[in-house]
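What follows is a set of notes on a single structure, which appears directly below.
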Amino acid sequence: MKKLHIIAIILFWIFAGKISAQSSHILWYNQPAEFFEESLVLGNGKMGATVFGGVNTDKIHLNDITLWSGEPVNANMSPEAYKNIPAIREALKNEDYKLAEELNKKLQGKNSERYLPLGTLEIKHFNDGKVSNYRRELDLSAAVSKVSYEIDGVKYTREYFVSAPDQIMVVKLTSNKKGALSFEINSSSLLQSSVEVKDNVLTMDGIAPIHENSGYTVLPKFLEIKERGTRFASVLKIKNTDGEIINSNKSLGVKNATEAIIYVSVATSFKGFDVNPSIDGVAEPIAKKNVEKAFSKSFDKLKETHLADYQKFYNRVLLDLGKTTAPDLPTDERLLRYADGKEDKNLEILYFNFGRYLLISSSRTMGVPANLQGLWNPHLFAPWSSNYTMNINLEENYWLAENTNLSEMHQPLLGFIKNLSVTGKVTAETFYGVNKGWTAAHNSDIWAMSNPVGQFGKEDPMWACWPMAGAWLSTHIWEHYVFTQDKKYLKEEGYPLMKGAAEFCLGWLIEDKNGNLITAPSTSPENQYKLADGFVGATLYGGTADLAMIRECFDKTIKAAKILNVDADFVKKLEVNLAKLHPYQIGKKGNLQEWYFDWEDKDPKHRHQSQLFGLFPGDHITPLKTPNLAEASKKTLEIKGDETTGWSKGWRINLWARLWDGNRAYKMYRELLRYVDPDGKKTEKPRRGGGTYPNLFDAHPPFQIDGNFGGAAAVTEMLVQSDENEIRLLPALPDAWESGSVKGICARGGFEIEMTWNNKKLNKVFISSKKGGKTTLIFGNKKQEVNLKKGEKREIKF
């Protein structure tokens, strides 16, 4: 009886809100953010907001995913660069790698443009006094952030969201005492801009510079106003229920109110990768129109529309990893506790949910995918220009798009690939002498720049000289088709792009002395070899990563052509060339060789593992189909170790999952969630390295969003793996997740999975089909053939 009484009391307090259950979808803190890596982010796929939640001054960074330096790229910037290729190949044929390295610099063009911050809002509150009961949170299930606190017995609350349907940011401020709310708002930008208040509307207009990224150095000229460049604007208006609107020349505010609603819109003059943004380029009227339309709607109506739009994506997937005994703590404290080895299954789910949240929030603008920082960049000179780094990082951003049921969020990348194919055709001809197909290189930007970077010979070939982005990106087109079964897309848009990527590869391959096909010159992304004579270089021929990507590109292009029943002669040519590719080599250490020869690595624990592309994200290396190569892949990962940057941890977790080693994948997943101090924080014993910042952002370090996406994708990969013919259930389930359930995970073939398990054994499995079709479900050594009609859902017994 006494026990029942205690349980009743606990339940009462929970429902009364006095005890909050530990959450798998809410980030919360008991203090404002001081650093960017502590802030909470909101976004609608175009507009981004970074909220600090300060008491006296609340700072909000604003971003627009289309605000970049530059203008449409001149793809024909180096029309005769390809004439250097014979000399490079001759040097490689003579094994003169030092000469080849120098000559390879002649295949370099301009560097990418930069992704820029739009501006910062500062909301200064006029309510001094001692603060108590402070709470700041982000509810991932609603894409809504809240702040609440008390001063002298008055409770203040703020609620923030960024709506996709209304293209508006809304901030609602309230006090529980009439007339206790007074504040003013200032707007500023790190770019050239002007601010004015007119008719109680706060407007900021500005212009992004024309600037080529000369390395990664700060150039004062960057800030000069030019006649050309992208225009940008933010427009802000306040709706008050009582009190009065106050303003000055540069600020807007409210005095003695009980409730106020702030409406903010941003816009740029970007009209497309190949359109000059300064010709008739206006931004302010677009932003103003969005504010005026939203202003006529109530806060509740805007929020209702926002929730309906956002939750139709977010609610598709539900993950449960079983019982947890972890206490309910602020998110930063949870991370610290978890870093000490404690159990917190809901934190592991929270990180997975956060990855999906970030993709929905940063990838909804056609042709403009999520960049290195997704959407949220406060820096004038962002790390690595916050550009599109295409030798892993851009692709890793989208590993979770299809399998976590966010196929719509894949579309901005697919549109970007189409843009790249336009400039990439010129790049193929002028830099590589290949007159069919298209390609792209290490870096790109909103202008779909496709040339190899390096400032025309000034940079290290190790990272600057790499022409395989087309081959890698083309596999995303296949992924979209094989998950959605959208044959119309494949026929009209996808397959022509895949064919173009394959055509470039056919034209780029040459024969080695054994009659096998190789690439020359070649590099392995950002890695270097070390020769017996001490020479350290990157340029070689027949790099394993190149050939792995070409294998995957050819294989998927062949499959696509056969599905569409087109290009029989081209398919035959691809099949012949695929069979002639220089085969994988296993080195003396039992590892999968990265280089054509069994050379030493300059850094054996290097963050890139591009030679394992065929294991993941490719699928031509598997423990069943190619056991020797799978074992060599495992040895490679063991040599590299588990300590690496955030995004690399994300990749390695997926690789271990593909090797069906759930416990090793889980070990690294825990390490990915290791607490890392904000970059600017001064502490006696700072926690640095790859891991997770207090706001769950991925620490490369610095912040790069790809680790968030790679880590979330890896959770799915541990639970479900698939190809066109098979779906493998719980292939890499770690012991720590012995019981759980998942709903809404997608599998190749157009299928969706719902399942529960206990003691690592399946309890229930439901499979549904989007388009109808056959597959084989596999759990352990048990198999079930399934043939479903369109829209059919069926329970499968094992």
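Quick note on naming: the chains in the structure tokens go A, B, ... in the order shown, residues restart at 1 in each chain, and ligands are numbered from 1 in order of appearance.
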
- Could you pull the residues within 10 Å of Ala736 of chain A, counting only C-alpha atoms, minus those fewer than 2 positions along the same chain, as a list of chain:residue names? A:Leu321, A:Gly322, A:Glu343, A:Lys345, A:Gly662, A:Asn663, A:Tyr666, A:Lys667, A:Leu733, A:Pro734, A:Glu738, A:Ser739, A:Lys760

Okay, now the selection with C-alpha atoms, as a JSON list (two decimals), in the first residue's frame?
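result20.json was written with the following content:
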[["chain", "number", "residue", "atom", "x", "y", "z"],
["A", 321, "LEU", "CA", 16.43, 1.93, -27.08],
["A", 322, "GLY", "CA", 14.91, 0.43, -23.98],
["A", 343, "GLU", "CA", 24.44, 4.94, -19.34],
["A", 345, "LYS", "CA", 20.08, 5.71, -23.81],
["A", 662, "GLY", "CA", 27.82, -3.48, -33.39],
["A", 663, "ASN", "CA", 29.85, -3.21, -30.20],
["A", 666, "TYR", "CA", 28.66, 1.61, -30.39],
["A", 667, "LYS", "CA", 32.01, 2.25, -28.70],
["A", 733, "LEU", "CA", 22.99, -4.28, -32.86],
["A", 734, "PRO", "CA", 25.27, -3.56, -29.88],
["A", 738, "GLU", "CA", 19.53, -5.32, -26.34],
["A", 739, "SER", "CA", 15.90, -4.13, -26.25],
["A", 760, "LYS", "CA", 18.61, -8.93, -29.15]]

- Message: Need the shell around Leu190 of chain A: protein/DNA/RNA residues with any atom at most 12 Å away, counting only C-alpha atoms. Skip same-chain ones fewer than 5 positions apart. Format as a list in words?
- Response: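 After dropping sequence-adjacent residues, the list is His61, Leu62, Asn63, Leu116, Pro117, Leu118, Gly119, Thr120, Leu121, Met204, Gly206, Ile207, Ala208, Pro209, Phe222, Leu223, Glu224, Asn377, Pro378, His379, Leu380 and Phe381 of chain A.
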
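The two atoms in question, atom CA of Ile238 of chain A and atom CA of Ile261 of chain A, are spaced 5.6 Å apart.
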
Might you pull out every residue within 8 Å of segment 529-538 of chain A, with only C-alpha atoms counted and same-chain residues fewer than 2 positions away left off, and present them as a compact mmCIF listing (two decimals) with N, CA, C and O atoms, in the first residue's frame?
# COMPACT_ATOMS: atom_id res chain seq x y z
N TYR A 97 57.94 10.89 -58.62
CA TYR A 97 56.77 11.41 -57.90
C TYR A 97 56.96 12.87 -57.49
O TYR A 97 55.99 13.62 -57.41
N LYS A 98 58.20 13.26 -57.25
CA LYS A 98 58.47 14.64 -56.88
C LYS A 98 58.11 15.57 -58.04
O LYS A 98 57.47 16.61 -57.86
N GLU A 101 54.35 15.66 -58.57
CA GLU A 101 53.70 16.49 -57.56
C GLU A 101 53.71 17.96 -57.97
O GLU A 101 52.70 18.67 -57.85
N PRO A 461 48.78 19.70 -53.70
CA PRO A 461 47.93 18.73 -54.41
C PRO A 461 47.24 17.74 -53.49
O PRO A 461 46.21 17.16 -53.85
N MET A 462 47.78 17.54 -52.30
CA MET A 462 47.21 16.62 -51.32
C MET A 462 45.70 16.82 -51.18
O MET A 462 44.94 15.87 -51.05
N THR A 523 45.13 11.27 -56.50
CA THR A 523 45.47 11.54 -55.09
C THR A 523 44.44 10.80 -54.24
O THR A 523 43.37 10.42 -54.74
N SER A 524 44.75 10.60 -52.98
CA SER A 524 43.78 10.02 -52.04
C SER A 524 43.42 11.13 -51.07
O SER A 524 44.30 11.66 -50.39
N GLU A 526 43.28 14.22 -49.19
CA GLU A 526 43.96 14.88 -48.07
C GLU A 526 44.99 14.02 -47.35
O GLU A 526 45.46 14.39 -46.27
N ASN A 527 45.34 12.88 -47.93
CA ASN A 527 46.33 12.01 -47.30
C ASN A 527 47.63 12.04 -48.11
O ASN A 527 47.65 12.46 -49.26
N LEU A 540 50.06 10.32 -57.34
CA LEU A 540 50.47 8.97 -57.74
C LEU A 540 49.56 8.55 -58.88
O LEU A 540 48.86 9.38 -59.46
N TRP A 595 47.25 3.06 -51.50
CA TRP A 595 48.05 3.47 -52.65
C TRP A 595 48.22 2.30 -53.62
O TRP A 595 48.03 1.14 -53.25
N TRP A 599 52.85 1.34 -49.94
CA TRP A 599 53.64 2.39 -49.32
C TRP A 599 53.18 2.66 -47.89
O TRP A 599 52.05 2.35 -47.51
N GLU A 600 54.05 3.31 -47.15
CA GLU A 600 53.70 3.75 -45.80
C GLU A 600 52.89 5.05 -45.89
O GLU A 600 53.05 5.84 -46.81
N ASP A 601 52.03 5.23 -44.91
CA ASP A 601 51.32 6.50 -44.79
C ASP A 601 52.17 7.49 -44.01
O ASP A 601 52.84 7.10 -43.04
N LYS A 602 52.11 8.75 -44.41
CA LYS A 602 52.77 9.76 -43.58
C LYS A 602 52.13 9.78 -42.19
O LYS A 602 52.81 9.88 -41.17

- Extract, using only C-alpha atoms, all DNA, RNA and protein residues at most 12 Å from Pro496 of chain A, discarding same-chain residues fewer than 5 positions from it, and format them as a PyMOL selection string. chain A and resi 417-418+421+437-438+474+477-478+489-491+501-503+557+560-561+564+566-567

Could you write out, as a compact mmCIF listing (two decimals) with N, CA and C atoms, in the first residue's frame, all the residues of segment 56-206 of chain A that DSSP marks as strand (DSSP E)?
# COMPACT_ATOMS: atom_id res chain seq x y z
N THR A 57 20.51 40.85 -22.47
CA THR A 57 20.58 40.98 -23.93
C THR A 57 20.48 39.60 -24.56
N ASP A 58 19.50 39.42 -25.39
CA ASP A 58 19.33 38.16 -26.12
C ASP A 58 19.89 38.36 -27.52
N LYS A 59 20.88 37.56 -27.84
CA LYS A 59 21.53 37.67 -29.15
C LYS A 59 21.01 36.57 -30.07
N ILE A 60 20.67 36.96 -31.31
CA ILE A 60 20.22 35.99 -32.30
C ILE A 60 20.98 36.22 -33.60
N HIS A 61 21.83 35.26 -33.98
CA HIS A 61 22.50 35.34 -35.29
C HIS A 61 21.51 34.91 -36.37
N LEU A 62 21.51 35.62 -37.49
CA LEU A 62 20.64 35.29 -38.62
C LEU A 62 21.47 34.85 -39.81
N ASN A 63 20.98 33.81 -40.48
CA ASN A 63 21.62 33.33 -41.71
C ASN A 63 20.58 33.13 -42.80
N ASP A 64 21.02 33.28 -44.04
CA ASP A 64 20.23 32.89 -45.21
C ASP A 64 21.14 31.98 -46.03
N GLY A 119 23.39 38.61 -40.36
CA GLY A 119 23.37 39.67 -39.36
C GLY A 119 23.08 39.14 -37.97
N THR A 120 23.00 40.06 -37.03
CA THR A 120 22.72 39.72 -35.64
C THR A 120 21.67 40.67 -35.07
N LEU A 121 20.68 40.08 -34.42
CA LEU A 121 19.71 40.87 -33.67
C LEU A 121 20.10 40.87 -32.21
N GLU A 122 20.02 42.02 -31.57
CA GLU A 122 20.22 42.11 -30.13
C GLU A 122 18.95 42.68 -29.50
N ILE A 123 18.35 41.88 -28.64
CA ILE A 123 17.14 42.31 -27.95
C ILE A 123 17.55 42.67 -26.52
N LYS A 124 17.58 43.97 -26.25
CA LYS A 124 18.01 44.46 -24.94
C LYS A 124 16.79 44.63 -24.05
N HIS A 125 16.80 43.92 -22.91
CA HIS A 125 15.65 43.94 -21.99
C HIS A 125 15.91 44.92 -20.84
N VAL A 131 18.12 37.13 -11.13
CA VAL A 131 17.45 36.14 -11.97
C VAL A 131 17.35 34.81 -11.24
N SER A 132 16.21 34.16 -11.34
CA SER A 132 16.04 32.82 -10.77
C SER A 132 15.23 31.95 -11.72
N ASN A 133 15.30 30.64 -11.48
CA ASN A 133 14.52 29.65 -12.25
C ASN A 133 14.71 29.80 -13.77
N TYR A 134 15.95 30.04 -14.18
CA TYR A 134 16.23 30.19 -15.61
C TYR A 134 16.18 28.81 -16.29
N ARG A 135 15.56 28.76 -17.47
CA ARG A 135 15.57 27.54 -18.28
C ARG A 135 15.54 27.93 -19.75
N ARG A 136 16.39 27.25 -20.51
CA ARG A 136 16.47 27.46 -21.96
C ARG A 136 16.36 26.09 -22.62
N GLU A 137 15.54 25.96 -23.65
CA GLU A 137 15.34 24.64 -24.24
C GLU A 137 15.08 24.71 -25.74
N LEU A 138 15.27 23.57 -26.38
CA LEU A 138 14.90 23.37 -27.78
C LEU A 138 14.15 22.05 -27.86
N ASP A 139 12.91 22.12 -28.30
CA ASP A 139 12.08 20.92 -28.45
C ASP A 139 12.18 20.46 -29.90
N VAL A 144 10.78 24.24 -31.82
CA VAL A 144 10.48 25.45 -31.06
C VAL A 144 11.46 25.57 -29.91
N SER A 145 12.01 26.76 -29.73
CA SER A 145 12.90 27.03 -28.59
C SER A 145 12.19 27.92 -27.59
N LYS A 146 12.50 27.74 -26.32
CA LYS A 146 11.87 28.54 -25.27
C LYS A 146 12.90 28.98 -24.24
N VAL A 147 12.67 30.15 -23.66
CA VAL A 147 13.47 30.65 -22.54
C VAL A 147 12.48 31.15 -21.49
N SER A 148 12.75 30.83 -20.22
CA SER A 148 11.92 31.37 -19.14
C SER A 148 12.80 31.66 -17.93
N TYR A 149 12.43 32.69 -17.18
CA TYR A 149 13.15 33.04 -15.96
C TYR A 149 12.29 34.00 -15.14
N GLU A 150 12.71 34.22 -13.92
CA GLU A 150 11.98 35.14 -13.05
C GLU A 150 12.91 36.23 -12.55
N ILE A 151 12.39 37.44 -12.45
CA ILE A 151 13.10 38.57 -11.83
C ILE A 151 12.12 39.28 -10.90
N VAL A 154 8.51 38.32 -11.09
CA VAL A 154 7.85 38.39 -12.40
C VAL A 154 8.45 37.31 -13.31
N LYS A 155 7.58 36.50 -13.91
CA LYS A 155 8.05 35.46 -14.83
C LYS A 155 8.03 35.97 -16.26
N TYR A 156 9.17 35.84 -16.93
CA TYR A 156 9.32 36.23 -18.33
C TYR A 156 9.50 34.97 -19.18
N THR A 157 8.86 34.93 -20.31
CA THR A 157 9.02 33.78 -21.21
C THR A 157 9.25 34.28 -22.63
N ARG A 158 9.99 33.49 -23.38
CA ARG A 158 10.18 33.74 -24.81
C ARG A 158 10.00 32.43 -25.56
N GLU A 159 9.41 32.53 -26.71
CA GLU A 159 9.20 31.35 -27.56
C GLU A 159 9.63 31.71 -28.97
N TYR A 160 10.44 30.86 -29.59
CA TYR A 160 11.02 31.17 -30.91
C TYR A 160 10.75 30.00 -31.88
N PHE A 161 10.42 30.29 -33.10
CA PHE A 161 10.44 29.28 -34.16
C PHE A 161 10.64 29.96 -35.50
N VAL A 162 11.11 29.18 -36.47
CA VAL A 162 11.31 29.68 -37.84
C VAL A 162 10.42 28.84 -38.75
N SER A 163 9.45 29.47 -39.38
CA SER A 163 8.43 28.76 -40.16
C SER A 163 8.83 28.64 -41.62
N ILE A 168 9.22 32.95 -42.11
CA ILE A 168 9.30 33.99 -41.09
C ILE A 168 9.86 33.40 -39.80
N MET A 169 10.61 34.23 -39.07
CA MET A 169 10.96 33.87 -37.70
C MET A 169 10.03 34.63 -36.77
N VAL A 170 9.52 33.92 -35.78
CA VAL A 170 8.60 34.52 -34.83
C VAL A 170 9.16 34.36 -33.42
N VAL A 171 9.16 35.45 -32.67
CA VAL A 171 9.58 35.43 -31.27
C VAL A 171 8.46 36.05 -30.44
N LYS A 172 7.91 35.27 -29.52
CA LYS A 172 6.85 35.77 -28.64
C LYS A 172 7.44 36.01 -27.25
N LEU A 173 7.28 37.22 -26.74
CA LEU A 173 7.78 37.57 -25.41
C LEU A 173 6.60 37.89 -24.51
N THR A 174 6.61 37.35 -23.32
CA THR A 174 5.51 37.60 -22.39
C THR A 174 6.05 37.82 -20.98
N SER A 175 5.25 38.51 -20.16
CA SER A 175 5.51 38.59 -18.73
C SER A 175 4.19 38.28 -18.03
N LEU A 181 7.00 44.27 -19.46
CA LEU A 181 7.88 43.92 -20.57
C LEU A 181 8.31 45.18 -21.33
N SER A 182 9.63 45.45 -21.29
CA SER A 182 10.19 46.57 -22.06
C SER A 182 11.50 46.13 -22.68
N PHE A 183 11.66 46.40 -23.97
CA PHE A 183 12.90 46.00 -24.64
C PHE A 183 13.09 46.83 -25.91
N GLU A 184 14.34 46.81 -26.43
CA GLU A 184 14.60 47.41 -27.74
C GLU A 184 15.48 46.46 -28.54
N ILE A 185 15.34 46.53 -29.86
CA ILE A 185 16.05 45.62 -30.76
C ILE A 185 16.96 46.41 -31.68
N ASN A 186 18.21 45.96 -31.78
CA ASN A 186 19.16 46.52 -32.72
C ASN A 186 19.55 45.44 -33.73
N SER A 187 19.84 45.87 -34.94
CA SER A 187 20.23 44.95 -36.00
C SER A 187 21.58 45.38 -36.56
N SER A 188 22.47 44.41 -36.78
CA SER A 188 23.79 44.72 -37.32
C SER A 188 24.29 43.58 -38.19
N GLN A 192 28.98 44.89 -45.28
CA GLN A 192 28.58 46.26 -45.54
C GLN A 192 27.06 46.35 -45.56
N SER A 193 26.51 47.21 -44.70
CA SER A 193 25.06 47.27 -44.60
C SER A 193 24.63 48.61 -44.02
N SER A 194 23.34 48.86 -44.12
CA SER A 194 22.76 50.07 -43.51
C SER A 194 21.47 49.66 -42.82
N VAL A 195 21.16 50.36 -41.72
CA VAL A 195 19.98 50.05 -40.91
C VAL A 195 19.11 51.29 -40.81
N GLU A 196 17.79 51.12 -40.93
CA GLU A 196 16.89 52.25 -40.73
C GLU A 196 15.57 51.76 -40.14
N VAL A 197 14.90 52.66 -39.43
CA VAL A 197 13.56 52.39 -38.91
C VAL A 197 12.60 53.38 -39.58
N LYS A 198 11.57 52.81 -40.20
CA LYS A 198 10.59 53.65 -40.88
C LYS A 198 9.21 53.01 -40.72
N VAL A 201 9.07 49.80 -38.77
CA VAL A 201 9.68 48.62 -39.37
C VAL A 201 11.20 48.80 -39.34
N LEU A 202 11.90 47.83 -38.77
CA LEU A 202 13.37 47.86 -38.70
C LEU A 202 13.93 47.09 -39.89
N THR A 203 14.64 47.79 -40.75
CA THR A 203 15.15 47.17 -41.98
C THR A 203 16.68 47.29 -42.03
N MET A 204 17.31 46.20 -42.42
CA MET A 204 18.75 46.23 -42.69
C MET A 204 18.97 45.78 -44.12
N ASP A 205 19.70 46.58 -44.90
CA ASP A 205 20.06 46.24 -46.28
C ASP A 205 21.57 46.12 -46.37
N GLY A 206 22.03 45.16 -47.18
CA GLY A 206 23.48 45.03 -47.33
C GLY A 206 23.85 44.34 -48.63

If you take only C-alpha atoms and a cut-off of 12 Å, which residues of segment 435-520 of chain A touch segment 70-74 of chain A, and what are their nearest atom pairs and distances in Å to one decimal, in chain and number order, as CSV?
residue,atom,partner,partner_atom,distance
A:Ser444,CA,A:Val73,CA,10.3
A:Asp445,CA,A:Gly70,CA,9.3
A:Ile446,CA,A:Pro72,CA,8.7
A:Trp447,CA,A:Pro72,CA,5.3
A:Ala448,CA,A:Val73,CA,7.6
A:Met449,CA,A:Val73,CA,6.1
A:Ser450,CA,A:Val73,CA,9.0
A:Asn451,CA,A:Val73,CA,9.7

Preceding selection exported with all heavy atoms as a PDB file, in the first residue's frame:
ATOM      1  N   SER A 444      33.276  23.213 -53.645  1.00  0.00           N
ATOM      2  CA  SER A 444      32.352  23.974 -54.474  1.00  0.00           C
ATOM      3  C   SER A 444      31.663  25.019 -53.602  1.00  0.00           C
ATOM      4  O   SER A 444      31.968  25.159 -52.414  1.00  0.00           O
ATOM      5  CB  SER A 444      31.328  23.061 -55.147  1.00  0.00           C
ATOM      6  OG  SER A 444      30.587  23.787 -56.121  1.00  0.00           O
ATOM      7  N   ASP A 445      30.739  25.752 -54.231  1.00  0.00           N
ATOM      8  CA  ASP A 445      30.016  26.813 -53.538  1.00  0.00           C
ATOM      9  C   ASP A 445      28.641  26.950 -54.174  1.00  0.00           C
ATOM     10  O   ASP A 445      28.246  26.127 -55.007  1.00  0.00           O
ATOM     11  CB  ASP A 445      30.802  28.129 -53.599  1.00  0.00           C
ATOM     12  CG  ASP A 445      31.245  28.482 -55.012  1.00  0.00           C
ATOM     13  OD1 ASP A 445      30.512  28.154 -55.965  1.00  0.00           O
ATOM     14  OD2 ASP A 445      32.328  29.098 -55.180  1.00  0.00           O
ATOM     15  N   ILE A 446      27.923  27.975 -53.801  1.00  0.00           N
ATOM     16  CA  ILE A 446      26.553  28.137 -54.309  1.00  0.00           C
ATOM     17  C   ILE A 446      26.516  28.323 -55.821  1.00  0.00           C
ATOM     18  O   ILE A 446      25.493  28.087 -56.461  1.00  0.00           O
ATOM     19  CB  ILE A 446      25.870  29.333 -53.601  1.00  0.00           C
ATOM     20  CG1 ILE A 446      24.347  29.242 -53.745  1.00  0.00           C
ATOM     21  CG2 ILE A 446      26.437  30.664 -54.091  1.00  0.00           C
ATOM     22  CD1 ILE A 446      23.578  30.224 -52.889  1.00  0.00           C
ATOM     23  N   TRP A 447      27.657  28.703 -56.418  1.00  0.00           N
ATOM     24  CA  TRP A 447      27.742  28.942 -57.856  1.00  0.00           C
ATOM     25  C   TRP A 447      28.087  27.669 -58.616  1.00  0.00           C
ATOM     26  O   TRP A 447      28.376  27.712 -59.804  1.00  0.00           O
ATOM     27  CB  TRP A 447      28.756  30.041 -58.148  1.00  0.00           C
ATOM     28  CG  TRP A 447      28.570  31.239 -57.259  1.00  0.00           C
ATOM     29  CD1 TRP A 447      29.386  31.645 -56.233  1.00  0.00           C
ATOM     30  CD2 TRP A 447      27.467  32.151 -57.262  1.00  0.00           C
ATOM     31  NE1 TRP A 447      28.872  32.749 -55.611  1.00  0.00           N
ATOM     32  CE2 TRP A 447      27.679  33.091 -56.218  1.00  0.00           C
ATOM     33  CE3 TRP A 447      26.310  32.269 -58.042  1.00  0.00           C
ATOM     34  CZ2 TRP A 447      26.795  34.132 -55.944  1.00  0.00           C
ATOM     35  CZ3 TRP A 447      25.430  33.307 -57.777  1.00  0.00           C
ATOM     36  CH2 TRP A 447      25.675  34.220 -56.750  1.00  0.00           C
ATOM     37  N   ALA A 448      28.072  26.523 -57.944  1.00  0.00           N
ATOM     38  CA  ALA A 448      28.348  25.226 -58.559  1.00  0.00           C
ATOM     39  C   ALA A 448      29.719  25.198 -59.230  1.00  0.00           C
ATOM     40  O   ALA A 448      29.901  24.607 -60.296  1.00  0.00           O
ATOM     41  CB  ALA A 448      27.247  24.845 -59.553  1.00  0.00           C
ATOM     42  N   MET A 449      30.676  25.827 -58.599  1.00  0.00           N
ATOM     43  CA  MET A 449      32.054  25.773 -59.067  1.00  0.00           C
ATOM     44  C   MET A 449      32.515  24.314 -59.087  1.00  0.00           C
ATOM     45  O   MET A 449      32.322  23.590 -58.117  1.00  0.00           O
ATOM     46  CB  MET A 449      32.937  26.594 -58.119  1.00  0.00           C
ATOM     47  CG  MET A 449      34.371  26.712 -58.554  1.00  0.00           C
ATOM     48  SD  MET A 449      35.411  27.331 -57.197  1.00  0.00           S
ATOM     49  CE  MET A 449      35.827  25.772 -56.417  1.00  0.00           C
ATOM     50  N   SER A 450      33.123  23.879 -60.181  1.00  0.00           N
ATOM     51  CA  SER A 450      33.484  22.464 -60.321  1.00  0.00           C
ATOM     52  C   SER A 450      34.973  22.226 -60.569  1.00  0.00           C
ATOM     53  O   SER A 450      35.426  21.081 -60.574  1.00  0.00           O
ATOM     54  CB  SER A 450      32.676  21.829 -61.465  1.00  0.00           C
ATOM     55  OG  SER A 450      32.887  22.573 -62.665  1.00  0.00           O
ATOM     56  N   ASN A 451      35.718  23.298 -60.783  1.00  0.00           N
ATOM     57  CA  ASN A 451      37.140  23.151 -61.105  1.00  0.00           C
ATOM     58  C   ASN A 451      37.949  22.680 -59.893  1.00  0.00           C
ATOM     59  O   ASN A 451      37.548  22.901 -58.746  1.00  0.00           O
ATOM     60  CB  ASN A 451      37.705  24.492 -61.571  1.00  0.00           C
ATOM     61  CG  ASN A 451      37.486  25.585 -60.532  1.00  0.00           C
ATOM     62  OD1 ASN A 451      36.440  26.217 -60.545  1.00  0.00           O
ATOM     63  ND2 ASN A 451      38.441  25.805 -59.643  1.00  0.00           N
TER      64      ASN A 451
END
